Amino acid sequence: MEPAPAGPLTPLQVSQYLEHLLHAIPVGVVAVNGRGIVLAHNEAAAELLVGGHGSVGVPSTIEQPLGARIGDYFDEPEAIAGIIEESLRDGPRTEILQRHRDRETQHVEVIARRVSIPSEEPVALLVLQEVTQRVVAERDLKRAVLDREFLMQSGGELSKSLDYQTTLETLVRMVISYLADWCTVNMIEDDGSISRASVAHVDPAKESLIAELHDSHPHDPSAETGVPRVLKSGEPELYPDIDHELVERTANSPEYLRIVTALGMDSCIIVPLIAHGETLGAMTLVSSRTNRRYDETHLEIAVELGLRAGLALYNARLFQTVEENRAKFTSMARILQRSLLPPELPTIPGAEVAALYRPATRSLEVGGDFYDLFETSDGDWGLVMGDVQGHGAMAAATTALARYTLRAIAQRLPRPIHVLYQVNKALLRQGDERFLSAVFATLTPGPAPQVTIASAGHPRPMIIRGDGRVESAGGEGMLLGLFTAPDLNEQIVELEPGDALVLYTDGLTEAGAPRTLLGEEGLRQVLARCVGMSASDICASIDEVLLTWQSERGHRDDCAVLVLRVAPEARASS
């Protein structure tokens, strides 16, 4: 290579010198001055910049770039002008710039550095190399990674909730965060109609327009294109480029055209939402950006998302149906349960009475706990607390049998143990092998009220004394419905003014199970704090403890409480 001539060179000499310098270099090289005017170039650069095809703003008749402005060959002239300026001032610069040739995007790596030659103005040497394949490969790889991350994240987000509407909202919000500018989900209803289930737009103010579009122009289920076709065929549709002239010609009303124009629609994908072979609905993704045209890769991601969303919506809808049925069954069980309890407690002279019933939270069936309070033929009062084994219809039948048998027999047999013996016989005759624990007590009113208590395998009642003591009362006994002659006994207890008798089922002492239990001692401590309280306040205090001790999923068992409190002035008034 010839050495540079000594002394400042004329522009012609600079050009001739650079031509010799660049001729042997195999990659495109262009020499430019500070204004971006091409001073010299080699054949590789000419082929890259012109190549007989022409670029944006450059007529295809230009055969050589010599004397042209280098920025005219790129989409952003100011970008390459900045590179040249920085390289002349600060040192070498590298940038990948974009240009279009024959409607195709071309990516060119530009390496700019200052050339040290004697010249009237500074000269920069630009090394040009087409890197379109590399850029596209890197972009596709990045996009594939982002797409996979999006799908993985979508699976986790869609499975967070089993609420149907929440799942729909999560779906459309995820779509506009990554794949679309606006999104609509349509679902097939039981009557075959197409509903607008959920919508979202990157501009929340426009979401009302989507709703307005659907309400004023609902989908025709018999249509052969768009959402109706996707719902019928289960196959997706891809519209890479929306023909705006066609939309204007085919718009069925000025209002429709106004809304579509305001929303923006340049590219569109419609995919089915499928679960277990059933098409549940369709999801429409719309791009209103000219720089995002949907292609087969977008379609593939949307279809995969549709499958995941379909399964999530199927599960949410199934869960919703189960919950609705659960609520119905629970309501029916509660109605039946109430029918097995006294609608209201009678008034007992000289005493207060109150009751509490908390059904098991986790059970949809009728519980076996029951209580009763009634007047007997001899003027005494019968108090009953029972717990039938199990839940459901059979338990309800046994509860009804025990309660009404006990009521009837108590009218003619005065002693509690005799009444319980007869209930035992009735259970054995029924023959369903269900057993019953029960407490039956008779209250004899008077200046010193007496209570005769018989227990059959049931937690013994407790008495809250006026001085703060809490005592267990009633004899031990065997369960009813298992043996022909159960061992039963009874105990007579005298109540003082202000004393309270508390009958309960084991659901109360087992509150908090399985992790921990309130237990009998815990119940004693609760009742000790109820000294001086009315019967209703005692029940309220016990209920507060139940709510505190219940587990995250509620009560495991039914809880029943019956409280009878002798009025503080009972003896004096008598």
# chains A, B, ... in the order shown; residues from 1 in each chain; ligands from 1
call {"tool": "residues_around", "arguments": {"residues": "Tyr314 (chain A)", "least_positions_apart": "2", "cutoff": "12 Å", "atoms": "only C-alpha atoms", "output": "short mmCIF file (atom, residue, chain, number, x, y, z; two decimals) with N, CA and C atoms, in the first residue's frame"}}
result
data_model
loop_
_atom_site.label_atom_id
_atom_site.label_comp_id
_atom_site.auth_asym_id
_atom_site.auth_seq_id
_atom_site.Cartn_x
_atom_site.Cartn_y
_atom_site.Cartn_z
N LEU A 158 -53.11 -18.14 36.49
CA LEU A 158 -54.46 -18.64 36.26
C LEU A 158 -54.90 -19.64 37.32
N SER A 159 -53.94 -20.28 37.97
CA SER A 159 -54.28 -21.29 38.98
C SER A 159 -54.37 -20.71 40.39
N LEU A 162 -59.81 -20.01 42.22
CA LEU A 162 -60.84 -20.86 41.65
C LEU A 162 -62.14 -20.08 41.46
N ASP A 163 -62.06 -18.78 41.64
CA ASP A 163 -63.22 -17.95 41.37
C ASP A 163 -63.31 -17.70 39.86
N TYR A 164 -64.46 -17.99 39.29
CA TYR A 164 -64.63 -17.94 37.83
C TYR A 164 -64.36 -16.55 37.27
N GLN A 165 -64.99 -15.52 37.83
CA GLN A 165 -64.82 -14.17 37.30
C GLN A 165 -63.40 -13.66 37.52
N THR A 167 -60.72 -15.48 37.50
CA THR A 167 -59.89 -16.15 36.49
C THR A 167 -60.03 -15.46 35.14
N LEU A 168 -61.24 -15.06 34.77
CA LEU A 168 -61.44 -14.34 33.52
C LEU A 168 -60.69 -13.01 33.52
N MET A 187 -67.83 -16.38 25.97
CA MET A 187 -68.12 -17.73 26.44
C MET A 187 -69.45 -18.21 25.88
N LEU A 273 -61.00 -21.52 23.60
CA LEU A 273 -60.69 -21.91 24.97
C LEU A 273 -61.25 -23.32 25.16
N ILE A 274 -60.35 -24.30 25.20
CA ILE A 274 -60.76 -25.71 25.18
C ILE A 274 -60.30 -26.40 26.45
N ALA A 275 -61.18 -27.26 26.99
CA ALA A 275 -60.82 -28.08 28.15
C ALA A 275 -61.52 -29.42 28.01
N HIS A 276 -60.75 -30.49 28.11
CA HIS A 276 -61.28 -31.86 28.03
C HIS A 276 -62.11 -32.07 26.76
N GLY A 277 -61.61 -31.50 25.65
CA GLY A 277 -62.27 -31.69 24.37
C GLY A 277 -63.48 -30.81 24.13
N GLU A 278 -63.82 -29.97 25.07
CA GLU A 278 -65.00 -29.10 24.95
C GLU A 278 -64.57 -27.65 24.75
N THR A 279 -65.15 -27.00 23.73
CA THR A 279 -64.87 -25.58 23.50
C THR A 279 -65.78 -24.76 24.40
N LEU A 280 -65.17 -24.07 25.34
CA LEU A 280 -65.93 -23.29 26.31
C LEU A 280 -66.17 -21.86 25.84
N GLY A 281 -65.25 -21.34 25.05
CA GLY A 281 -65.35 -19.95 24.63
C GLY A 281 -64.25 -19.62 23.64
N GLY A 306 -54.61 -20.29 25.27
CA GLY A 306 -56.02 -20.65 25.24
C GLY A 306 -56.29 -22.00 25.89
N LEU A 307 -55.38 -22.96 25.68
CA LEU A 307 -55.54 -24.28 26.29
C LEU A 307 -55.41 -24.18 27.81
N ARG A 308 -54.42 -23.43 28.27
CA ARG A 308 -54.24 -23.28 29.72
C ARG A 308 -55.41 -22.52 30.34
N ALA A 309 -55.85 -21.47 29.66
CA ALA A 309 -56.97 -20.70 30.18
C ALA A 309 -58.25 -21.52 30.17
N GLY A 310 -58.44 -22.33 29.12
CA GLY A 310 -59.63 -23.16 29.05
C GLY A 310 -59.72 -24.11 30.23
N LEU A 311 -58.60 -24.74 30.57
CA LEU A 311 -58.58 -25.67 31.70
C LEU A 311 -58.83 -24.93 33.01
N ALA A 312 -58.21 -23.75 33.17
CA ALA A 312 -58.41 -22.96 34.39
C ALA A 312 -59.87 -22.53 34.53
N ALA A 316 -62.56 -23.53 37.37
CA ALA A 316 -63.24 -22.48 38.13
C ALA A 316 -64.75 -22.60 38.03
N ARG A 317 -65.22 -22.92 36.82
CA ARG A 317 -66.68 -23.08 36.64
C ARG A 317 -67.18 -24.30 37.40
N LEU A 318 -66.39 -25.37 37.38
CA LEU A 318 -66.77 -26.58 38.13
C LEU A 318 -66.80 -26.28 39.62
N PHE A 319 -65.79 -25.56 40.10
CA PHE A 319 -65.75 -25.21 41.52
C PHE A 319 -66.93 -24.33 41.89
N GLN A 320 -67.27 -23.39 41.00
CA GLN A 320 -68.41 -22.51 41.26
C GLN A 320 -69.70 -23.32 41.36
N THR A 321 -69.86 -24.31 40.46
CA THR A 321 -71.05 -25.16 40.50
C THR A 321 -71.11 -25.95 41.80
#
call {"tool": "select_by_dssp", "arguments": {"residues": "region 238-295 of chain A", "states": "strand (DSSP E or B)", "output": "ChimeraX atom specification"}}
result
/A:238-239,267-275,278-287
call {"tool": "write_last_selection", "arguments": {"atoms": "N, CA and C atoms", "output": "PDB file, in the first residue's frame"}}
result
ATOM      1  N   LEU A 238     -56.160 -16.414  12.294  1.00  0.00           N
ATOM      2  CA  LEU A 238     -55.096 -15.415  12.314  1.00  0.00           C
ATOM      3  C   LEU A 238     -55.340 -14.406  11.211  1.00  0.00           C
ATOM      4  N   TYR A 239     -55.371 -13.119  11.577  1.00  0.00           N
ATOM      5  CA  TYR A 239     -55.505 -12.027  10.613  1.00  0.00           C
ATOM      6  C   TYR A 239     -54.279 -11.128  10.779  1.00  0.00           C
ATOM      7  N   SER A 267     -54.117  -5.902  13.570  1.00  0.00           N
ATOM      8  CA  SER A 267     -53.811  -7.326  13.454  1.00  0.00           C
ATOM      9  C   SER A 267     -54.642  -8.047  14.508  1.00  0.00           C
ATOM     10  N   CYS A 268     -55.028  -9.300  14.234  1.00  0.00           N
ATOM     11  CA  CYS A 268     -55.970  -9.961  15.132  1.00  0.00           C
ATOM     12  C   CYS A 268     -55.750 -11.472  15.158  1.00  0.00           C
ATOM     13  N   ILE A 269     -55.956 -12.056  16.340  1.00  0.00           N
ATOM     14  CA  ILE A 269     -55.933 -13.511  16.522  1.00  0.00           C
ATOM     15  C   ILE A 269     -57.175 -13.891  17.338  1.00  0.00           C
ATOM     16  N   ILE A 270     -57.845 -14.974  16.932  1.00  0.00           N
ATOM     17  CA  ILE A 270     -58.957 -15.531  17.708  1.00  0.00           C
ATOM     18  C   ILE A 270     -58.636 -16.992  17.977  1.00  0.00           C
ATOM     19  N   VAL A 271     -58.604 -17.367  19.249  1.00  0.00           N
ATOM     20  CA  VAL A 271     -58.283 -18.757  19.605  1.00  0.00           C
ATOM     21  C   VAL A 271     -59.386 -19.328  20.489  1.00  0.00           C
ATOM     22  N   PRO A 272     -59.624 -20.634  20.377  1.00  0.00           N
ATOM     23  CA  PRO A 272     -60.648 -21.257  21.228  1.00  0.00           C
ATOM     24  C   PRO A 272     -60.113 -21.511  22.636  1.00  0.00           C
ATOM     25  N   LEU A 273     -61.002 -21.521  23.599  1.00  0.00           N
ATOM     26  CA  LEU A 273     -60.689 -21.915  24.973  1.00  0.00           C
ATOM     27  C   LEU A 273     -61.248 -23.319  25.165  1.00  0.00           C
ATOM     28  N   ILE A 274     -60.354 -24.297  25.204  1.00  0.00           N
ATOM     29  CA  ILE A 274     -60.755 -25.708  25.179  1.00  0.00           C
ATOM     30  C   ILE A 274     -60.302 -26.396  26.452  1.00  0.00           C
ATOM     31  N   ALA A 275     -61.175 -27.255  26.990  1.00  0.00           N
ATOM     32  CA  ALA A 275     -60.822 -28.079  28.149  1.00  0.00           C
ATOM     33  C   ALA A 275     -61.519 -29.424  28.005  1.00  0.00           C
ATOM     34  N   GLU A 278     -63.824 -29.967  25.071  1.00  0.00           N
ATOM     35  CA  GLU A 278     -65.000 -29.103  24.947  1.00  0.00           C
ATOM     36  C   GLU A 278     -64.566 -27.651  24.747  1.00  0.00           C
ATOM     37  N   THR A 279     -65.146 -27.000  23.731  1.00  0.00           N
ATOM     38  CA  THR A 279     -64.871 -25.585  23.500  1.00  0.00           C
ATOM     39  C   THR A 279     -65.781 -24.763  24.399  1.00  0.00           C
ATOM     40  N   LEU A 280     -65.169 -24.073  25.339  1.00  0.00           N
ATOM     41  CA  LEU A 280     -65.926 -23.288  26.314  1.00  0.00           C
ATOM     42  C   LEU A 280     -66.174 -21.864  25.836  1.00  0.00           C
ATOM     43  N   GLY A 281     -65.246 -21.338  25.055  1.00  0.00           N
ATOM     44  CA  GLY A 281     -65.352 -19.953  24.625  1.00  0.00           C
ATOM     45  C   GLY A 281     -64.250 -19.622  23.643  1.00  0.00           C
ATOM     46  N   ALA A 282     -64.073 -18.339  23.389  1.00  0.00           N
ATOM     47  CA  ALA A 282     -63.038 -17.879  22.459  1.00  0.00           C
ATOM     48  C   ALA A 282     -62.412 -16.607  23.003  1.00  0.00           C
ATOM     49  N   MET A 283     -61.132 -16.453  22.725  1.00  0.00           N
ATOM     50  CA  MET A 283     -60.383 -15.275  23.167  1.00  0.00           C
ATOM     51  C   MET A 283     -59.895 -14.527  21.932  1.00  0.00           C
ATOM     52  N   THR A 284     -60.211 -13.238  21.865  1.00  0.00           N
ATOM     53  CA  THR A 284     -59.803 -12.400  20.732  1.00  0.00           C
ATOM     54  C   THR A 284     -58.704 -11.463  21.174  1.00  0.00           C
ATOM     55  N   LEU A 285     -57.558 -11.523  20.472  1.00  0.00           N
ATOM     56  CA  LEU A 285     -56.419 -10.651  20.741  1.00  0.00           C
ATOM     57  C   LEU A 285     -56.292  -9.671  19.583  1.00  0.00           C
ATOM     58  N   VAL A 286     -56.185  -8.399  19.882  1.00  0.00           N
ATOM     59  CA  VAL A 286     -56.098  -7.378  18.841  1.00  0.00           C
ATOM     60  C   VAL A 286     -54.871  -6.503  19.090  1.00  0.00           C
ATOM     61  N   SER A 287     -54.112  -6.281  18.030  1.00  0.00           N
ATOM     62  CA  SER A 287     -53.001  -5.333  18.072  1.00  0.00           C
ATOM     63  C   SER A 287     -53.411  -4.084  17.315  1.00  0.00           C
TER      64      SER A 287
END
call {"tool": "closest_residue", "arguments": {"among": "A:Ala500, A:Leu436, A:Leu523, A:Leu406", "to": "Gln422 (chain A)", "atoms": "only C-alpha atoms"}}
result
A:Leu406
call {"tool": "residues_around", "arguments": {"residues": "Glu109 (chain A)", "least_positions_apart": "4", "cutoff": "10 Å", "atoms": "only C-alpha atoms", "output": "list of chain:residue names"}}
result
A:Thr94, A:Glu95, A:Ile96, A:Leu97, A:Gln98, A:Leu126, A:Val127, A:Leu128, A:Gln129, A:Glu130, A:Val131, A:Thr132, A:Val135
call {"tool": "write_last_selection", "arguments": {"atoms": "C-alpha atoms", "output": "short mmCIF file (atom, residue, chain, number, x, y, z; two decimals), in the first residue's frame"}}
result
data_model
loop_
_atom_site.label_atom_id
_atom_site.label_comp_id
_atom_site.auth_asym_id
_atom_site.auth_seq_id
_atom_site.Cartn_x
_atom_site.Cartn_y
_atom_site.Cartn_z
CA THR A 94 -20.31 0.54 17.11
CA GLU A 95 -24.04 0.49 16.39
CA ILE A 96 -26.53 -1.71 14.55
CA LEU A 97 -28.76 0.36 12.28
CA GLN A 98 -31.83 -0.54 10.27
CA LEU A 126 -17.13 3.23 8.54
CA VAL A 127 -16.96 -0.57 8.44
CA LEU A 128 -20.36 -1.88 7.27
CA GLN A 129 -21.46 -5.47 7.70
CA GLU A 130 -24.94 -6.90 7.19
CA VAL A 131 -25.98 -8.78 10.35
CA THR A 132 -29.65 -9.33 9.58
CA VAL A 135 -30.12 -9.94 14.67
#
call {"tool": "closest_residue", "arguments": {"among": "A:Leu479, A:Val50, A:Leu171, A:Ile417", "to": "His100 (chain A)", "atoms": "only C-alpha atoms"}}
result
A:Val50
call {"tool": "atom_distance", "arguments": {"atom1": "CA of Gly234 (chain A)", "atom2": "CA of Arg292 (chain A)"}}
result
25.4 Å
call {"tool": "select_by_dssp", "arguments": {"residues": "region 33-191 of chain A", "states": "helix (DSSP H, G or I)", "output": "ChimeraX atom specification"}}
result
/A:43-49,70-73,77-90,132-158,164-178
call {"tool": "write_last_selection", "arguments": {"atoms": "C-alpha atoms", "output": "short mmCIF file (atom, residue, chain, number, x, y, z; two decimals), in the first residue's frame"}}
result
data_model
loop_
_atom_site.label_atom_id
_atom_site.label_comp_id
_atom_site.auth_asym_id
_atom_site.auth_seq_id
_atom_site.Cartn_x
_atom_site.Cartn_y
_atom_site.Cartn_z
CA GLU A 43 -17.10 -2.50 -3.98
CA ALA A 44 -18.46 -4.43 -0.97
CA ALA A 45 -19.86 -1.19 0.48
CA ALA A 46 -21.43 -0.22 -2.84
CA GLU A 47 -23.10 -3.61 -3.12
CA LEU A 48 -24.38 -3.37 0.45
CA LEU A 49 -25.70 0.18 0.18
CA ILE A 70 -24.42 8.22 4.02
CA GLY A 71 -27.44 8.92 6.23
CA ASP A 72 -29.72 8.71 3.18
CA TYR A 73 -29.12 4.95 3.05
CA PRO A 77 -30.17 9.45 9.22
CA GLU A 78 -29.66 11.26 12.52
CA ALA A 79 -28.49 8.02 14.15
CA ILE A 80 -25.56 7.47 11.80
CA ALA A 81 -24.75 11.19 11.88
CA GLY A 82 -24.43 10.88 15.66
CA ILE A 83 -22.15 7.85 15.35
CA ILE A 84 -19.83 9.73 12.99
CA GLU A 85 -19.73 12.78 15.23
CA GLU A 86 -18.96 10.71 18.35
CA SER A 87 -16.24 8.67 16.61
CA LEU A 88 -14.47 11.81 15.43
CA ARG A 89 -14.69 13.35 18.90
CA ASP A 90 -14.41 10.49 21.38
CA THR A 132 -29.65 -9.33 9.58
CA GLN A 133 -29.53 -13.08 10.16
CA ARG A 134 -27.72 -12.63 13.47
CA VAL A 135 -30.12 -9.94 14.67
CA VAL A 136 -33.17 -11.96 13.64
CA ALA A 137 -31.79 -15.09 15.32
CA GLU A 138 -31.04 -13.21 18.54
CA ARG A 139 -34.44 -11.55 18.45
CA ASP A 140 -36.21 -14.85 17.82
CA LEU A 141 -34.28 -16.49 20.65
CA LYS A 142 -35.12 -13.65 23.03
CA ARG A 143 -38.74 -13.77 21.95
CA ALA A 144 -38.88 -17.54 22.44
CA VAL A 145 -37.47 -17.18 25.96
CA LEU A 146 -39.94 -14.40 26.79
CA ASP A 147 -42.82 -16.38 25.30
CA ARG A 148 -41.94 -19.43 27.39
CA GLU A 149 -41.59 -17.30 30.53
CA PHE A 150 -44.97 -15.72 29.80
CA LEU A 151 -46.66 -19.11 29.40
CA MET A 152 -45.07 -20.43 32.59
CA GLN A 153 -46.15 -17.32 34.49
CA SER A 154 -49.65 -17.51 33.01
CA GLY A 155 -50.11 -21.04 34.31
CA GLY A 156 -49.27 -19.93 37.83
CA GLU A 157 -51.44 -16.81 37.67
CA LEU A 158 -54.46 -18.64 36.26
CA TYR A 164 -64.63 -17.94 37.83
CA GLN A 165 -64.82 -14.17 37.30
CA THR A 166 -61.41 -13.60 38.90
CA THR A 167 -59.89 -16.15 36.49
CA LEU A 168 -61.44 -14.34 33.52
CA GLU A 169 -60.10 -10.99 34.71
CA THR A 170 -56.64 -12.46 35.29
CA LEU A 171 -56.63 -13.88 31.76
CA VAL A 172 -57.45 -10.68 29.89
CA ARG A 173 -55.09 -8.60 32.05
CA MET A 174 -52.22 -10.98 31.30
CA VAL A 175 -52.95 -10.86 27.57
CA ILE A 176 -52.77 -7.06 27.32
CA SER A 177 -49.59 -7.03 29.40
CA TYR A 178 -47.71 -9.05 26.77
#
call {"tool": "closest_residue", "arguments": {"among": "A:Asp369, A:Glu300, A:Glu471, A:Asp387", "to": "Leu501 (chain A)", "atoms": "only C-alpha atoms"}}
result
A:Glu471
call {"tool": "residues_around", "arguments": {"residues": "region 460-468 of chain A", "least_positions_apart": "4", "cutoff": "8 Å", "atoms": "only C-alpha atoms", "output": "PyMOL selection string"}}
result
chain A and resi 439+455+472-476+496-504+527-532
